[in-house]
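Below is protein_19.cif, holding mmCIF, C-alpha atoms.
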```cif
data_upload
#
loop_
_atom_site.label_atom_id
_atom_site.label_comp_id
_atom_site.auth_asym_id
_atom_site.auth_seq_id
_atom_site.Cartn_x
_atom_site.Cartn_y
_atom_site.Cartn_z
CA MET A 26 11.05 -8.12 28.02
CA HIS A 27 11.70 -8.85 24.35
CA GLY A 28 14.61 -7.24 22.57
CA ASN A 29 17.04 -4.72 23.98
CA LEU A 30 16.14 -1.69 26.02
CA ASP A 31 18.20 1.42 25.49
CA ASP A 32 18.97 3.98 28.19
CA ILE A 33 15.77 5.94 27.51
CA ASP A 34 13.65 2.81 27.85
CA GLU A 35 15.37 2.01 31.15
CA ARG A 36 14.66 5.53 32.42
CA LEU A 37 11.01 5.25 31.37
CA VAL A 38 10.62 1.93 33.20
CA ARG A 39 12.17 3.42 36.36
CA ALA A 40 9.93 6.50 36.13
CA LEU A 41 6.84 4.35 35.65
CA HIS A 42 7.87 2.21 38.59
CA GLU A 43 7.84 5.35 40.73
CA ASP A 44 4.52 6.57 39.32
CA GLY A 45 2.70 4.32 36.90
CA ARG A 46 0.01 6.97 36.32
CA ALA A 47 2.46 9.71 35.36
CA SER A 48 1.29 11.68 32.32
CA TYR A 49 3.05 11.32 28.99
CA GLU A 50 3.97 15.00 29.27
CA THR A 51 5.75 14.35 32.57
CA LEU A 52 7.50 11.30 31.20
CA ALA A 53 8.54 13.22 28.08
CA ARG A 54 10.16 15.93 30.19
CA LEU A 55 12.04 13.31 32.20
CA VAL A 56 13.60 11.66 29.15
CA GLY A 57 13.88 14.72 26.88
CA LEU A 58 11.67 13.47 24.05
CA ALA A 59 8.49 14.69 22.39
CA ARG A 60 5.22 13.55 23.99
CA SER A 61 4.24 11.50 20.93
CA THR A 62 7.61 9.73 20.83
CA THR A 63 7.46 9.03 24.56
CA LYS A 64 3.94 7.63 24.29
CA ALA A 65 5.01 5.38 21.41
CA ARG A 66 7.91 4.07 23.50
CA VAL A 67 5.69 3.30 26.47
CA GLN A 68 3.13 1.57 24.25
CA ARG A 69 5.92 -0.52 22.71
CA LEU A 70 7.20 -1.54 26.14
CA LEU A 71 3.68 -2.56 27.15
CA GLY A 72 3.00 -4.30 23.84
CA GLU A 73 6.06 -6.50 24.10
CA GLY A 74 4.43 -8.24 27.03
CA GLY A 75 7.14 -7.88 29.63
CA LEU A 76 6.00 -4.58 31.13
CA ARG A 77 2.77 -4.18 33.07
CA LEU A 78 1.40 -1.13 34.85
CA VAL A 79 -0.65 -2.39 37.77
CA GLY A 80 -1.93 -1.34 41.14
CA ALA A 81 0.22 -2.88 43.89
CA ILE A 82 -2.13 -3.29 46.83
CA HIS A 83 -1.28 -3.39 50.54
CA PRO A 84 -1.44 -7.07 51.61
CA ALA A 85 -3.79 -6.27 54.49
CA VAL A 86 -6.46 -5.36 51.92
CA PHE A 87 -6.51 -9.07 51.06
CA GLY A 88 -6.57 -10.01 54.74
CA LEU A 89 -2.94 -11.19 54.51
CA HIS A 90 -0.92 -10.40 57.62
CA GLN A 91 1.69 -13.16 57.68
CA LEU A 92 4.18 -13.35 54.85
CA GLY A 93 7.39 -15.26 54.37
CA HIS A 94 9.92 -16.85 52.04
CA VAL A 95 10.81 -20.50 51.49
CA THR A 96 13.83 -22.04 49.79
CA ILE A 97 13.39 -25.62 48.67
CA GLU A 98 15.88 -28.40 47.98
CA THR A 99 14.52 -31.19 45.82
CA ASP A 100 15.10 -34.85 45.10
CA GLY A 101 15.27 -34.90 41.33
CA PRO A 102 14.09 -32.27 38.82
CA ALA A 103 12.87 -28.92 40.13
CA GLY A 104 10.16 -28.27 37.54
CA PRO A 105 7.51 -30.74 38.76
CA VAL A 106 8.05 -29.64 42.36
CA ALA A 107 7.77 -25.95 41.44
CA ARG A 108 4.55 -26.53 39.53
CA GLN A 109 2.93 -28.43 42.40
CA VAL A 110 4.02 -25.81 44.94
CA ALA A 111 2.53 -23.13 42.68
CA GLU A 112 -0.85 -24.86 42.91
CA LEU A 113 -1.08 -24.20 46.66
CA ASP A 114 -3.40 -21.35 47.65
CA GLU A 115 -0.99 -20.00 50.26
CA VAL A 116 1.79 -19.56 47.72
CA SER A 117 1.98 -16.28 45.81
CA PHE A 118 5.29 -16.54 43.99
CA VAL A 119 7.39 -19.49 42.77
CA THR A 120 10.63 -19.58 40.79
CA THR A 121 13.10 -22.21 39.71
CA THR A 122 16.68 -21.28 40.53
CA ALA A 123 20.32 -22.09 39.92
CA GLY A 124 22.33 -22.52 43.09
CA ARG A 125 22.04 -24.49 46.30
CA PHE A 126 18.23 -24.26 46.13
CA ALA A 127 16.14 -25.66 43.31
CA VAL A 128 12.97 -23.66 44.01
CA THR A 129 12.05 -20.51 45.92
CA ALA A 130 8.55 -19.50 46.97
CA GLU A 131 6.71 -16.84 48.91
CA LEU A 132 3.76 -17.58 51.19
CA ARG A 133 1.09 -15.04 52.15
CA THR A 134 -1.53 -16.00 54.71
CA ALA A 135 -3.95 -14.49 57.21
CA ASP A 136 -2.01 -15.45 60.33
CA LEU A 137 0.88 -17.50 61.69
CA GLU A 138 -1.24 -20.61 62.13
CA SER A 139 -2.33 -20.65 58.49
CA PHE A 140 1.26 -19.87 57.48
CA ALA A 141 2.40 -23.00 59.34
CA ARG A 142 -0.28 -25.05 57.56
CA GLY A 143 0.97 -23.70 54.24
CA LEU A 144 4.53 -24.71 55.07
CA ALA A 145 3.34 -28.20 55.90
CA ARG A 146 1.61 -28.43 52.53
CA VAL A 147 4.79 -27.34 50.75
CA GLN A 148 6.80 -29.92 52.70
CA ALA A 149 4.33 -32.61 51.66
CA VAL A 150 4.82 -32.02 47.92
CA PRO A 151 6.52 -35.06 46.38
CA GLY A 152 10.16 -34.35 45.60
CA VAL A 153 10.65 -31.75 48.35
CA ARG A 154 13.68 -32.80 50.37
CA ALA A 155 14.22 -29.83 52.70
CA LEU A 156 12.87 -26.35 53.42
CA GLN A 157 14.39 -23.21 54.85
CA THR A 158 11.97 -20.50 55.95
CA MET A 159 12.11 -16.83 56.84
CA THR A 160 8.97 -15.08 58.11
CA TYR A 161 8.80 -11.40 57.26
CA LEU A 162 8.69 -8.75 59.94
CA ARG A 163 9.18 -5.82 57.59
CA ILE A 164 8.89 -5.44 53.83
CA TRP A 165 11.24 -2.67 52.71
CA LYS A 166 10.73 -2.87 48.98
CA ASP A 167 8.53 -5.00 46.73
CA PRO A 168 7.03 -4.04 43.35
CA TYR A 169 3.85 -5.93 44.25
CA PHE A 170 3.23 -3.75 47.31
CA PRO A 171 3.06 -0.01 48.02
CA PRO A 172 6.36 1.65 49.00
CA GLY A 173 7.73 0.36 52.32
CA PRO A 174 8.70 -0.23 54.89
CA LEU A 175 5.53 -2.19 55.57
CA GLU A 176 5.16 -3.97 58.86
CA SER A 177 4.34 -7.65 58.59
CA PRO A 178 2.11 -8.76 60.14
CA GLY A 179 0.09 -5.59 60.54
CA PRO A 180 -3.46 -4.35 60.03
CA LEU A 181 -4.50 -1.60 57.66
CA ALA A 182 -5.99 0.46 60.48
CA HIS A 183 -5.70 4.00 59.16
CA ILE A 184 -8.41 3.81 56.49
CA GLU A 185 -11.79 2.15 56.04
CA LEU A 186 -12.62 0.72 52.63
CA ASP A 187 -16.12 0.33 51.21
CA ALA A 188 -17.50 -1.43 48.14
CA HIS A 189 -16.59 1.51 45.86
CA ASP A 190 -12.98 1.39 47.05
CA HIS A 191 -12.83 -2.37 46.52
CA ALA A 192 -14.14 -1.99 42.97
CA LEU A 193 -11.53 0.67 42.22
CA LEU A 194 -8.72 -1.45 43.66
CA ALA A 195 -9.80 -4.55 41.78
CA HIS A 196 -9.67 -2.66 38.48
CA LEU A 197 -6.40 -0.84 39.22
CA ARG A 198 -4.86 -4.20 40.07
CA THR A 199 -5.15 -5.22 36.41
CA ASP A 200 -4.92 -1.80 34.72
CA GLY A 201 -3.00 0.77 36.71
CA ARG A 202 -3.42 3.49 34.05
CA ALA A 203 -7.20 3.13 33.69
CA SER A 204 -8.86 6.49 33.11
CA PHE A 205 -11.01 8.07 35.79
CA ALA A 206 -14.00 7.68 33.46
CA GLU A 207 -13.33 3.93 33.22
CA LEU A 208 -12.82 3.69 36.97
CA ALA A 209 -16.08 5.55 37.51
CA SER A 210 -17.96 3.06 35.34
CA VAL A 211 -16.68 0.01 37.26
CA SER A 212 -17.24 1.55 40.71
CA GLY A 213 -20.61 3.23 40.26
CA LEU A 214 -19.15 6.64 41.10
CA SER A 215 -18.95 9.84 39.12
CA ALA A 216 -15.62 10.56 37.43
CA GLY A 217 -14.90 13.28 40.00
CA ALA A 218 -15.69 11.00 42.92
CA ALA A 219 -13.64 8.18 41.42
CA ARG A 220 -10.70 10.56 41.01
CA ALA A 221 -10.94 11.71 44.62
CA ARG A 222 -11.15 8.11 45.87
CA VAL A 223 -8.18 6.95 43.79
CA LEU A 224 -6.05 9.88 44.97
CA ARG A 225 -6.92 9.03 48.58
CA LEU A 226 -6.03 5.36 48.07
CA LEU A 227 -2.72 6.39 46.51
CA GLU A 228 -1.85 8.98 49.15
CA THR A 229 -2.62 6.68 52.09
CA GLY A 230 -0.50 3.83 50.73
CA VAL A 231 -3.36 1.41 50.14
CA VAL A 232 -2.28 1.09 46.51
CA HIS A 233 0.71 2.16 44.43
CA VAL A 234 0.59 2.11 40.63
CA GLY A 235 3.93 1.06 39.24
CA ALA A 236 5.73 -0.83 36.50
CA LEU A 237 6.28 -4.57 36.78
CA VAL A 238 8.64 -6.44 34.49
CA ARG A 239 7.49 -10.04 34.31
CA MET A 240 10.20 -12.68 34.68
CA THR A 241 10.05 -14.62 31.42
CA PRO A 242 12.53 -16.77 29.48
CA LEU A 243 12.70 -14.01 26.85
CA SER A 244 13.41 -11.23 29.33
CA ARG A 245 16.77 -9.54 29.00
CA VAL A 246 16.60 -8.55 32.67
CA HIS A 247 18.83 -10.66 34.92
CA THR A 248 17.35 -11.58 38.29
CA MET A 249 19.33 -12.75 41.30
CA GLY A 250 18.10 -13.58 44.78
CA PHE A 251 20.16 -13.18 47.91
CA ALA A 252 19.95 -13.90 51.62
CA LEU A 253 21.93 -12.02 54.23
CA ASP A 254 22.72 -11.83 57.90
CA VAL A 255 23.97 -8.72 59.67
CA ASN A 256 25.88 -7.85 62.79
CA GLY A 257 23.72 -5.80 65.13
CA ASP A 258 20.71 -3.74 64.06
CA THR A 259 19.19 -4.79 60.74
CA GLU A 260 17.37 -1.51 60.00
CA PRO A 261 20.33 0.72 58.96
CA VAL A 262 21.63 -1.98 56.61
CA ALA A 263 18.16 -2.62 55.15
CA ARG A 264 17.62 1.07 54.43
CA LYS A 265 20.90 1.27 52.50
CA ILE A 266 20.14 -1.86 50.49
CA ALA A 267 16.57 -0.79 49.65
CA ALA A 268 17.89 2.56 48.38
CA LEU A 269 19.87 0.85 45.59
CA ASP A 270 18.07 1.17 42.25
CA GLU A 271 18.82 -2.41 41.23
CA ILE A 272 17.24 -3.86 44.37
CA ASP A 273 13.80 -5.07 43.32
CA CYS A 274 12.66 -6.64 46.61
CA LEU A 275 13.87 -6.67 50.20
CA ALA A 276 12.29 -8.09 53.34
CA THR A 277 13.73 -8.65 56.79
CA GLY A 278 12.54 -11.06 59.44
CA ILE A 279 13.37 -14.16 61.43
CA GLY A 280 14.36 -17.63 60.33
CA TRP A 281 17.24 -19.17 58.47
CA CYS A 282 18.52 -15.69 57.52
CA GLY A 283 17.88 -12.10 58.53
CA GLY A 284 16.89 -10.75 55.14
CA ILE A 285 15.83 -11.85 51.66
CA GLY A 286 16.18 -9.73 48.54
CA THR A 287 16.19 -9.67 44.75
CA ILE A 288 18.47 -7.83 42.35
CA ARG A 289 17.21 -7.04 38.86
CA ALA A 290 19.48 -5.39 36.31
CA GLY A 291 20.02 -5.22 32.57
CA SER A 292 23.42 -6.94 32.60
CA LEU A 293 25.30 -9.49 34.65
CA ASP A 294 27.95 -6.83 35.30
CA ASP A 295 25.31 -4.63 36.94
CA VAL A 296 24.01 -7.58 38.98
CA LEU A 297 27.52 -8.37 40.19
CA ALA A 298 28.25 -4.72 40.99
CA THR A 299 25.08 -4.48 43.10
CA LEU A 300 25.82 -7.75 44.87
CA GLU A 301 29.30 -6.49 45.68
CA ARG A 302 27.86 -3.25 47.07
CA VAL A 303 25.59 -5.27 49.33
CA ARG A 304 28.50 -7.45 50.47
CA GLY A 305 30.59 -4.39 51.21
CA LEU A 306 28.06 -2.56 53.39
CA PRO A 307 29.10 -2.09 57.03
CA GLY A 308 27.22 -4.56 59.20
CA VAL A 309 26.70 -7.20 56.52
CA ARG A 310 28.09 -10.48 57.85
CA THR A 311 27.17 -13.07 55.22
CA VAL A 312 25.52 -13.03 51.79
CA GLU A 313 24.35 -16.07 49.81
CA ALA A 314 23.10 -15.60 46.25
CA TRP A 315 21.28 -17.63 43.60
CA THR A 316 19.99 -16.97 40.08
CA HIS A 317 16.26 -16.97 39.34
CA LEU A 318 15.69 -18.87 36.10
CA ARG A 319 11.95 -18.82 35.51
CA ALA A 320 8.85 -17.61 37.32
CA ILE A 321 6.32 -20.42 37.63
CA LYS A 322 3.82 -18.22 39.49
CA GLU A 323 3.71 -14.49 40.14
CA GLU A 324 1.47 -12.60 42.57
CA ASN A 325 -0.90 -11.24 39.93
CA ASP A 326 -1.56 -14.80 38.79
CA ARG A 327 -3.56 -15.20 42.01
CA ALA A 328 -7.20 -14.19 41.64
CA LEU A 329 -7.37 -13.25 45.32
CA PRO A 330 -10.56 -11.49 46.39
CA LEU A 331 -10.24 -8.29 48.34
CA ALA A 332 -11.02 -8.78 52.02
CA GLU A 333 -14.32 -7.24 53.07
#
```

As C-alpha cells, the full file:
Amino acid sequence: MHGNLDDIDERLVRALHEDGRASYETLARLVGLARSTTKARVQRLLGEGGLRLVGAIHPAVFGLHQLGHVTIETDGPAGPVARQVAELDEVSFVTTTAGRFAVTAELRTADLESFARGLARVQAVPGVRALQTMTYLRIWKDPYFPPGPLESPGPLAHIELDAHDHALLAHLRTDGRASFAELASVSGLSAGAARARVLRLLETGVVHVGALVRMTPLSRVHTMGFALDVNGDTEPVARKIAALDEIDCLATGIGWCGGIGTIRAGSLDDVLATLERVRGLPGVRTVEAWTHLRAIKEENDRALPLAE
C-alpha cells in the first residue's frame, strides 16, 4: 500500500478484514470519526491500489479439495523460475523470497492425484533444483478463504448452490462491497432476494467479504513466511497462532513441516515480535522463517470458474 498508514488506517483495515461489507456508520463508530471522514479514508485506501475488498470463497466452490504449499530451491536466478511456475494452472500463489528458498508457491487441485501431477509440473520447470512440499489438512486462517478452520480436503456438503448463487459469488469475488441492487442485476434476482441469498452465503461460510492487502514492491507492509513443527498435538498450538492479529495465513498438514504460515505487519519490529511469540509458544519445536519479497501471482489473478 502506498505511503504510510496511521493507527486509524490500520484499525480500518482490520475492521474491514473482519467484515468487508460493514457500513460506514459502523466503521466510523469503531474509529471515532465522522462518517464522511471515515468514508474518505476507506476510499483513499482503496484508491491507492493496495487494498481490495473481495469475496473470499470456500475452495470447494471451485471444486478444489486438495491444497498444499511448495518451497523451491533454484539453480540461478529466482525470477524466471517464479514466472514459469506462476503459469501453471494448478498454482494459485507464487512469491520470490529471501532465505534458504528462492520461491514459494501454493497449489490447489481437485484431488491428490491432480496435486501430484501439479508437483511434477513444478519440478519440471527449468531452474528448479529441489522441492519441499506440505499438503494441507486444515486451513486455520487465510484471507482468500472464509474464516477457518477449514478441513482440506473436504466437500461443501451443507449447502446447495444454484446458478443465482454462482452469479452472486462471481461478482462478490471482484467487488465485495457491491450493492444489493447491483448484485440483483447480475444474478437475475430482485434486490430483496439477492440480499437474502448473500446473507445466507455469508452465514454458512461459503463466502467471506474481507480486506486484502496486495503484496507489491510499494507496500509498506512487511511479509514473512514461516514453517514450524510441534511436539504432540498440533491443534492447540495452531489455535494460539491463528489468534494473533499479525498472522495472515496458517495451515497445518503433512510433509516437510507440520505447519506453514505468514506474518504481515507494518514494521519489522512487529514482525520480529510476532515471530518470537510463535517461537515461544509451548509445544513449538522448530521454526524456520523467510521474507517474501514480491508476489508473482496471487489467488485472485486466477480466473477460475465456479464448479457447477

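When CA of Leu78 (chain A) is paired with CA of Arg198 (chain A), their separation reads 8.7 Å.
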
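Evaluating the PyMOL selection byres ((chain A and resi 163) around 6) against the shown model yields Tyr161, Leu162, Ile164, Leu175, Glu176, Ser177, Ala276 and Thr277 of chain A.
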
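Nearest residue to Leu58 (chain A), choosing from A:Arg146, A:Arg36, A:Arg108, A:Arg222 and counting only C-alpha atoms: A:Arg36.
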
Quiz prompt | For region 134-138 of chain A: contacts at 9 Å, all atoms listed in the file, fewer than 6 positions along chain excluded, given as a PyMOL selection string | solution = chain A and resi 85+87-93+115-116+178

I want to know what sits within 9 Å of Thr299 (chain A), based on all atoms listed in the file, with residues of the same chain fewer than 5 positions away left out; could you give that as a compact mmCIF listing (two decimals) with C-alpha atoms, in the coordinates of the input?
```
# COMPACT_ATOMS: atom_id res chain seq x y z
CA LEU A 269 19.87 0.85 45.59
CA GLU A 271 18.82 -2.41 41.23
CA ILE A 272 17.24 -3.86 44.37
CA ILE A 288 18.47 -7.83 42.35
CA ALA A 290 19.48 -5.39 36.31
CA ASP A 294 27.95 -6.83 35.30
CA ARG A 304 28.50 -7.45 50.47
```

Quiz item: Hey, what comes out of the PyMOL selection byres ((chain A and resi 53) around 12) on this file? Could you write it as an MDAnalysis selection string?
Solution: chainID A and resid 33:34 36:37 40:41 47:52 54:67

Exercise. Fewer than 6 positions away in the same chain doesn't count, so skip those; otherwise give me all residues within 12 Å of Arg289 (chain A), counting all atoms listed in the file, as JSON, numbers by chain.
Key: {"A": [39, 167, 168, 237, 238, 239, 240, 244, 245, 246, 247, 248, 249, 250, 251, 269, 270, 271, 272, 273, 274, 275, 295, 296, 297, 298, 299, 300, 316, 317]}

Taking the file above as input, evaluate the PyMOL selection byres ((chain A and resi 310) around 10) and report the hits as a PDB file with C-alpha atoms, in the frame of the given file.
```pdb
ATOM      1  CA  LEU A 253      21.930 -12.020  54.230  1.00  0.00           C
ATOM      2  CA  ASP A 254      22.720 -11.830  57.900  1.00  0.00           C
ATOM      3  CA  VAL A 255      23.970  -8.720  59.670  1.00  0.00           C
ATOM      4  CA  ASN A 256      25.880  -7.850  62.790  1.00  0.00           C
ATOM      5  CA  GLY A 257      23.720  -5.800  65.130  1.00  0.00           C
ATOM      6  CA  ARG A 304      28.500  -7.450  50.470  1.00  0.00           C
ATOM      7  CA  GLY A 305      30.590  -4.390  51.210  1.00  0.00           C
ATOM      8  CA  LEU A 306      28.060  -2.560  53.390  1.00  0.00           C
ATOM      9  CA  PRO A 307      29.100  -2.090  57.030  1.00  0.00           C
ATOM     10  CA  GLY A 308      27.220  -4.560  59.200  1.00  0.00           C
ATOM     11  CA  VAL A 309      26.700  -7.200  56.520  1.00  0.00           C
ATOM     12  CA  THR A 311      27.170 -13.070  55.220  1.00  0.00           C
ATOM     13  CA  VAL A 312      25.520 -13.030  51.790  1.00  0.00           C
TER      14      VAL A 312
END
```

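Distance-wise, CA of Gly235 (chain A) and CA of Arg133 (chain A) end up 20.8 Å apart.
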
Self-check item: CA of Arg46 (chain A) to CA of Leu193 (chain A), straight-line distance in Å
Solution: 14.4 Å

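Shortest atom-to-atom contact with Pro174 (chain A) among A:Glu228, A:Asp187, A:Glu260, A:Glu323: A:Glu260, counting only C-alpha atoms.
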
Quick one: axis-aligned box around all listed atoms of region 123-140 of chain A, 8 Å on every side, centre and edge lengths in Å to one decimal, written as JSON.
```
{"center_x": 9.2, "center_y": -20.1, "center_z": 51.0, "size_x": 42.3, "size_y": 27.2, "size_z": 38.2}
```

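Restricting the calculation to all atoms listed in the file, the smallest distance between Arg154 (chain A) and any of A:Ser204, A:Thr96, A:Thr122, A:Ser139 is found for A:Thr96.
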
Quiz item: Counting all atoms listed in the file, which of A:Ala107, A:Ile285, A:Val211, A:Leu76 gets nearest to Lys166 (chain A)?
Solution: A:Ile285

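You can rank A:Trp315, A:Val106, A:Phe170, A:Ile97 by their closest distance to Leu144 (chain A) using only C-alpha atoms, and at the top of that list sits A:Ile97.
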
Quiz prompt | Polymer residues at most 8 Å from Ile321 (chain A), only C-alpha atoms, same-chain spacing of 6 or more positions, as a PyMOL selection string | solution = chain A and resi 107-108+111+118-121

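Closest approach to Ser117 (chain A) among A:Gly173, A:Gly72, A:Pro84, A:Gly283 is made by A:Pro84 (distances from only C-alpha atoms).
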